[in-house]
Every structure is written in structure tokens, then in C-alpha cells.
file final.csv (CSV, N, CA and C atoms)
chain,number,residue,atom,x,y,z
A,1,MET,N,0.8,-1.2,0.0
A,1,MET,CA,0.0,0.0,0.0
A,1,MET,C,0.9,1.2,0.0
A,2,THR,N,0.6,2.1,-0.9
A,2,THR,CA,1.5,3.3,-1.0
A,2,THR,C,0.8,4.5,-0.2
A,3,VAL,N,1.7,5.3,0.3
A,3,VAL,CA,1.2,6.5,1.0
A,3,VAL,C,1.0,7.6,0.0
A,4,PRO,N,-0.2,8.2,0.0
A,4,PRO,CA,-0.5,9.3,-1.0
A,4,PRO,C,0.4,10.5,-0.7
A,5,SER,N,0.8,11.2,-1.8
A,5,SER,CA,1.7,12.3,-1.7
A,5,SER,C,0.9,13.5,-1.0
A,6,ARG,N,1.7,14.5,-0.6
A,6,ARG,CA,1.1,15.7,0.0
A,6,ARG,C,0.2,16.4,-1.0
A,7,ALA,N,0.6,16.5,-2.3
A,7,ALA,CA,-0.2,17.1,-3.3
A,7,ALA,C,-1.5,16.4,-3.5
A,8,ASP,N,-1.5,15.1,-3.5
A,8,ASP,CA,-2.7,14.3,-3.6
A,8,ASP,C,-3.7,14.5,-2.4
A,9,LEU,N,-3.1,14.6,-1.2
A,9,LEU,CA,-4.0,14.8,-0.1
A,9,LEU,C,-4.6,16.2,-0.1
A,10,LEU,N,-3.8,17.2,-0.5
A,10,LEU,CA,-4.4,18.5,-0.6
A,10,LEU,C,-5.5,18.6,-1.7
A,11,ARG,N,-5.3,17.9,-2.8
A,11,ARG,CA,-6.3,17.9,-3.9
A,11,ARG,C,-7.6,17.2,-3.3
A,12,ARG,N,-7.5,16.1,-2.6
A,12,ARG,CA,-8.6,15.5,-2.0
A,12,ARG,C,-9.4,16.4,-1.0
A,13,ARG,N,-8.6,17.1,-0.2
A,13,ARG,CA,-9.2,18.1,0.7
A,13,ARG,C,-9.9,19.2,0.0
A,14,ARG,N,-9.3,19.7,-1.1
A,14,ARG,CA,-9.9,20.7,-1.9
A,14,ARG,C,-11.2,20.2,-2.5
A,15,CYS,N,-11.2,19.0,-3.0
A,15,CYS,CA,-12.4,18.5,-3.6
A,15,CYS,C,-13.6,18.3,-2.5
A,16,ARG,N,-13.2,17.9,-1.3
A,16,ARG,CA,-14.2,17.7,-0.3
A,16,ARG,C,-14.8,19.1,0.1
A,17,LEU,N,-13.9,20.1,0.2
A,17,LEU,CA,-14.4,21.5,0.5
A,17,LEU,C,-15.3,22.0,-0.6
A,18,LEU,N,-15.0,21.7,-1.8
A,18,LEU,CA,-15.9,22.1,-2.9
A,18,LEU,C,-17.3,21.5,-2.8
A,19,VAL,N,-17.3,20.2,-2.5
A,19,VAL,CA,-18.6,19.6,-2.3
A,19,VAL,C,-19.3,20.2,-1.1
A,20,PHE,N,-18.6,20.5,0.0
A,20,PHE,CA,-19.2,21.1,1.2
A,20,PHE,C,-19.8,22.5,0.8
A,21,GLY,N,-19.1,23.2,0.0
A,21,GLY,CA,-19.6,24.5,-0.4
A,21,GLY,C,-20.8,24.4,-1.3
A,22,MET,N,-20.9,23.4,-2.1
A,22,MET,CA,-22.1,23.2,-2.9
A,22,MET,C,-23.3,22.8,-2.0
A,23,VAL,N,-23.1,22.1,-0.9
A,23,VAL,CA,-24.1,21.7,0.0
A,23,VAL,C,-24.6,23.0,0.7
A,24,LEU,N,-23.7,23.8,1.1
A,24,LEU,CA,-24.0,25.1,1.8
A,24,LEU,C,-24.8,26.0,0.9
A,25,GLY,N,-24.4,26.0,-0.4
A,25,GLY,CA,-25.2,26.8,-1.4
A,25,GLY,C,-26.6,26.3,-1.6
A,26,ALA,N,-26.8,25.0,-1.4
A,26,ALA,CA,-28.1,24.5,-1.5
A,26,ALA,C,-29.0,24.8,-0.3
A,27,LEU,N,-28.3,24.8,0.9
A,27,LEU,CA,-29.0,25.1,2.1
A,27,LEU,C,-29.3,26.6,2.4
A,28,LEU,N,-28.5,27.5,1.7
A,28,LEU,CA,-28.7,28.9,1.9
A,28,LEU,C,-30.1,29.4,1.7
A,29,PRO,N,-30.8,29.1,0.6
A,29,PRO,CA,-32.2,29.6,0.5
A,29,PRO,C,-33.2,29.0,1.5
A,30,ILE,N,-32.8,27.8,2.0
A,30,ILE,CA,-33.7,27.2,3.0
A,30,ILE,C,-33.7,28.1,4.3
A,31,PHE,N,-32.6,28.5,4.7
A,31,PHE,CA,-32.5,29.2,6.0
A,31,PHE,C,-32.8,30.7,5.9
A,32,GLN,N,-32.5,31.3,4.7
A,32,GLN,CA,-32.7,32.7,4.5
A,32,GLN,C,-33.4,32.9,3.1
A,33,TRP,N,-34.8,32.8,3.1
A,33,TRP,CA,-35.5,32.7,1.8
A,33,TRP,C,-35.7,34.1,1.2
A,34,SER,N,-35.2,34.3,0.0
A,34,SER,CA,-35.5,35.4,-0.8
A,34,SER,C,-35.0,35.1,-2.2
A,35,TRP,N,-35.4,35.8,-3.2
A,35,TRP,CA,-35.0,35.5,-4.6
A,35,TRP,C,-33.5,35.8,-4.7
A,36,VAL,N,-33.0,36.8,-4.0
A,36,VAL,CA,-31.6,37.1,-4.1
A,36,VAL,C,-30.7,35.9,-3.6
A,37,THR,N,-31.1,35.4,-2.4
A,37,THR,CA,-30.3,34.2,-1.9
A,37,THR,C,-30.5,33.0,-2.8
A,38,LEU,N,-31.6,32.8,-3.3
A,38,LEU,CA,-31.8,31.7,-4.3
A,38,LEU,C,-30.9,31.8,-5.5
A,39,ALA,N,-30.9,33.0,-6.1
A,39,ALA,CA,-30.0,33.3,-7.2
A,39,ALA,C,-28.5,33.1,-6.8
A,40,THR,N,-28.2,33.7,-5.7
A,40,THR,CA,-26.8,33.6,-5.2
A,40,THR,C,-26.4,32.1,-5.0
A,41,GLY,N,-27.3,31.4,-4.4
A,41,GLY,CA,-27.0,30.0,-4.1
A,41,GLY,C,-26.8,29.2,-5.4
A,42,LEU,N,-27.7,29.4,-6.4
A,42,LEU,CA,-27.6,28.7,-7.7
A,42,LEU,C,-26.4,29.1,-8.5
A,43,VAL,N,-26.0,30.4,-8.5
A,43,VAL,CA,-24.8,30.8,-9.2
A,43,VAL,C,-23.6,30.2,-8.5
A,44,GLY,N,-23.6,30.2,-7.1
A,44,GLY,CA,-22.4,29.7,-6.4
A,44,GLY,C,-22.3,28.2,-6.6
A,45,ILE,N,-23.4,27.5,-6.7
A,45,ILE,CA,-23.3,26.0,-6.9
A,45,ILE,C,-22.8,25.8,-8.3
A,46,ALA,N,-23.2,26.6,-9.3
A,46,ALA,CA,-22.8,26.4,-10.7
A,46,ALA,C,-21.3,26.6,-10.8
A,47,VAL,N,-20.8,27.7,-10.1
A,47,VAL,CA,-19.3,28.0,-10.2
A,47,VAL,C,-18.6,26.9,-9.5
A,48,LEU,N,-19.0,26.4,-8.3
A,48,LEU,CA,-18.3,25.4,-7.6
A,48,LEU,C,-18.3,24.1,-8.4
A,49,LEU,N,-19.5,23.8,-9.0
A,49,LEU,CA,-19.6,22.6,-9.8
A,49,LEU,C,-18.6,22.6,-11.0
A,50,LEU,N,-18.5,23.7,-11.6
A,50,LEU,CA,-17.5,23.9,-12.7
A,50,LEU,C,-16.1,23.7,-12.3
A,51,VAL,N,-15.7,24.3,-11.1
A,51,VAL,CA,-14.4,24.1,-10.6
A,51,VAL,C,-14.2,22.6,-10.2
A,52,TYR,N,-15.2,22.0,-9.6
A,52,TYR,CA,-15.1,20.6,-9.1
A,52,TYR,C,-14.9,19.7,-10.3
A,53,ARG,N,-15.6,19.9,-11.4
A,53,ARG,CA,-15.4,19.1,-12.6
A,53,ARG,C,-14.0,19.2,-13.2
A,54,ARG,N,-13.5,20.5,-13.2
A,54,ARG,CA,-12.2,20.7,-13.8
A,54,ARG,C,-11.1,20.2,-12.9
A,55,GLU,N,-11.2,20.3,-11.6
A,55,GLU,CA,-10.1,20.0,-10.7
A,55,GLU,C,-10.2,18.5,-10.2
A,56,CYS,N,-11.4,18.0,-9.9
A,56,CYS,CA,-11.5,16.7,-9.2
A,56,CYS,C,-11.9,15.6,-10.2
A,57,VAL,N,-12.8,15.8,-11.1
A,57,VAL,CA,-13.3,14.7,-11.9
A,57,VAL,C,-12.4,14.4,-13.0
A,58,CYS,N,-11.9,15.5,-13.7
A,58,CYS,CA,-11.1,15.3,-14.9
A,58,CYS,C,-9.7,14.7,-14.5
A,59,LYS,N,-9.1,15.1,-13.5
A,59,LYS,CA,-7.8,14.7,-13.1
A,59,LYS,C,-7.8,13.2,-12.6
A,60,SER,N,-8.9,12.8,-11.9
A,60,SER,CA,-8.9,11.4,-11.5
A,60,SER,C,-9.3,10.4,-12.6
A,61,ALA,N,-9.9,10.9,-13.6
A,61,ALA,CA,-10.3,10.0,-14.7
A,61,ALA,C,-9.2,9.8,-15.7
A,62,GLN,N,-8.2,10.7,-15.8
A,62,GLN,CA,-7.2,10.6,-16.7
A,62,GLN,C,-6.0,9.8,-16.1
A,63,PRO,N,-5.5,8.9,-16.9
A,63,PRO,CA,-4.3,8.2,-16.4
A,63,PRO,C,-3.1,9.1,-16.4
A,64,SER,N,-2.1,8.9,-15.5
A,64,SER,CA,-1.0,9.8,-15.5
A,64,SER,C,-0.1,9.6,-16.7
A,65,ALA,N,0.6,10.6,-17.1
A,65,ALA,CA,1.5,10.4,-18.3
A,65,ALA,C,2.7,9.6,-18.0
A,66,GLN,N,3.1,9.4,-16.7
A,66,GLN,CA,4.2,8.7,-16.4
A,66,GLN,C,4.1,7.2,-16.6
A,67,SER,N,2.8,6.7,-16.6
A,67,SER,CA,2.6,5.3,-16.7
A,67,SER,C,2.2,4.9,-18.2
A,68,ASP,N,2.5,5.8,-19.1
A,68,ASP,CA,2.2,5.6,-20.5
A,68,ASP,C,3.2,4.5,-21.0
A,69,THR,N,2.7,3.5,-21.6
A,69,THR,CA,3.5,2.4,-22.1
A,69,THR,C,3.3,2.2,-23.6
A,70,HIS,N,3.2,3.4,-24.3
A,70,HIS,CA,3.0,3.3,-25.7
A,70,HIS,C,4.3,2.8,-26.4
A,71,LEU,N,4.1,1.7,-27.2
A,71,LEU,CA,5.3,1.1,-27.8
A,71,LEU,C,5.5,1.7,-29.2
A,72,ARG,N,6.7,2.2,-29.5
A,72,ARG,CA,6.9,2.7,-30.8
A,72,ARG,C,7.3,1.6,-31.8
A,73,ASP,N,7.1,1.9,-33.0
A,73,ASP,CA,7.4,0.9,-34.1
A,73,ASP,C,8.9,0.9,-34.2
A,74,PRO,N,9.6,-0.3,-34.0
A,74,PRO,CA,11.0,-0.4,-34.1
A,74,PRO,C,11.6,0.1,-35.4
A,75,GLY,N,10.8,0.1,-36.5
A,75,GLY,CA,11.3,0.5,-37.7
A,75,GLY,C,11.3,2.0,-37.9
A,76,ALA,N,10.6,2.7,-37.0
A,76,ALA,CA,10.4,4.1,-37.2
A,76,ALA,C,11.6,5.0,-36.8

call {"tool": "encode", "arguments": {"input": "final.csv", "output": "C-alpha cells"}}
result
Amino acid sequence: MTVPSRADLLRRRRCRLLVFGMVLGALLPIFQWSWVTLATGLVGIAVLLLVYRRECVCKSAQPSAQSDTHLRDPGA
């Protein structure tokens, strides 16, 4: 079992905080109801979701470039 690097741990923490922010954005209109808070919550959720997809989903789905085992044609 390998120990995750510090950068990987910080990325995981950042992803958890982004999800926590989205939950708070969803709860904001429940506790303080107005159209302004609803709009603010929805815009905040959209921005956090965009950042979450860019930082957390895309990076975990892509294999790292260091483990690339592409074999070149020996004649090339």
C-alpha cells in the first residue's frame, strides 16, 4: 500500500471542501429565503460545480503520463 503524496492529499481536501460549499449553497435559500439568496446559491453552486469538474473529476479520470506504455514501431 502506497502513501499518498502531499499534493494528492491537498487535492482530495480541496475536492471535499468544494462539495461542502455546494451543500451550503443548496441550504442557503432554506435558511434565508428570498429571490436574491436563491439566485446567489444557484450561481455559487454552478461555479463550484464547474471548478469541481475541472479539478476533481477530470484529473482522477485521466491516467498519468508517467505510466504511459506506448510502444513505438522499431522500424520508425

call {"tool": "residues_around", "arguments": {"input": "final.csv", "residues": "region 19-32 of chain A", "least_positions_apart": "4", "cutoff": "6 Å", "atoms": "all atoms listed in the file", "output": "ChimeraX atom specification"}}
result
/A:15,37-38,41-42,45

call {"tool": "atom_distance", "arguments": {"input": "final.csv", "atom1": "CA of Glu55 (chain A)", "atom2": "CA of Arg6 (chain A)"}}
result
16.1 Å

call {"tool": "atom_distance", "arguments": {"input": "final.csv", "atom1": "atom C of Val36 (chain A)", "atom2": "CA of Arg53 (chain A)"}}
result
24.4 Å

call {"tool": "closest_residue", "arguments": {"input": "final.csv", "among": "A:Val3, A:Leu18, A:Trp35, A:Arg12", "to": "Leu48 (chain A)", "atoms": "only C-alpha atoms"}}
result
A:Leu18

call {"tool": "atom_distance", "arguments": {"input": "final.csv", "atom1": "CA of Ser5 (chain A)", "atom2": "CA of Cys58 (chain A)"}}
result
18.6 Å
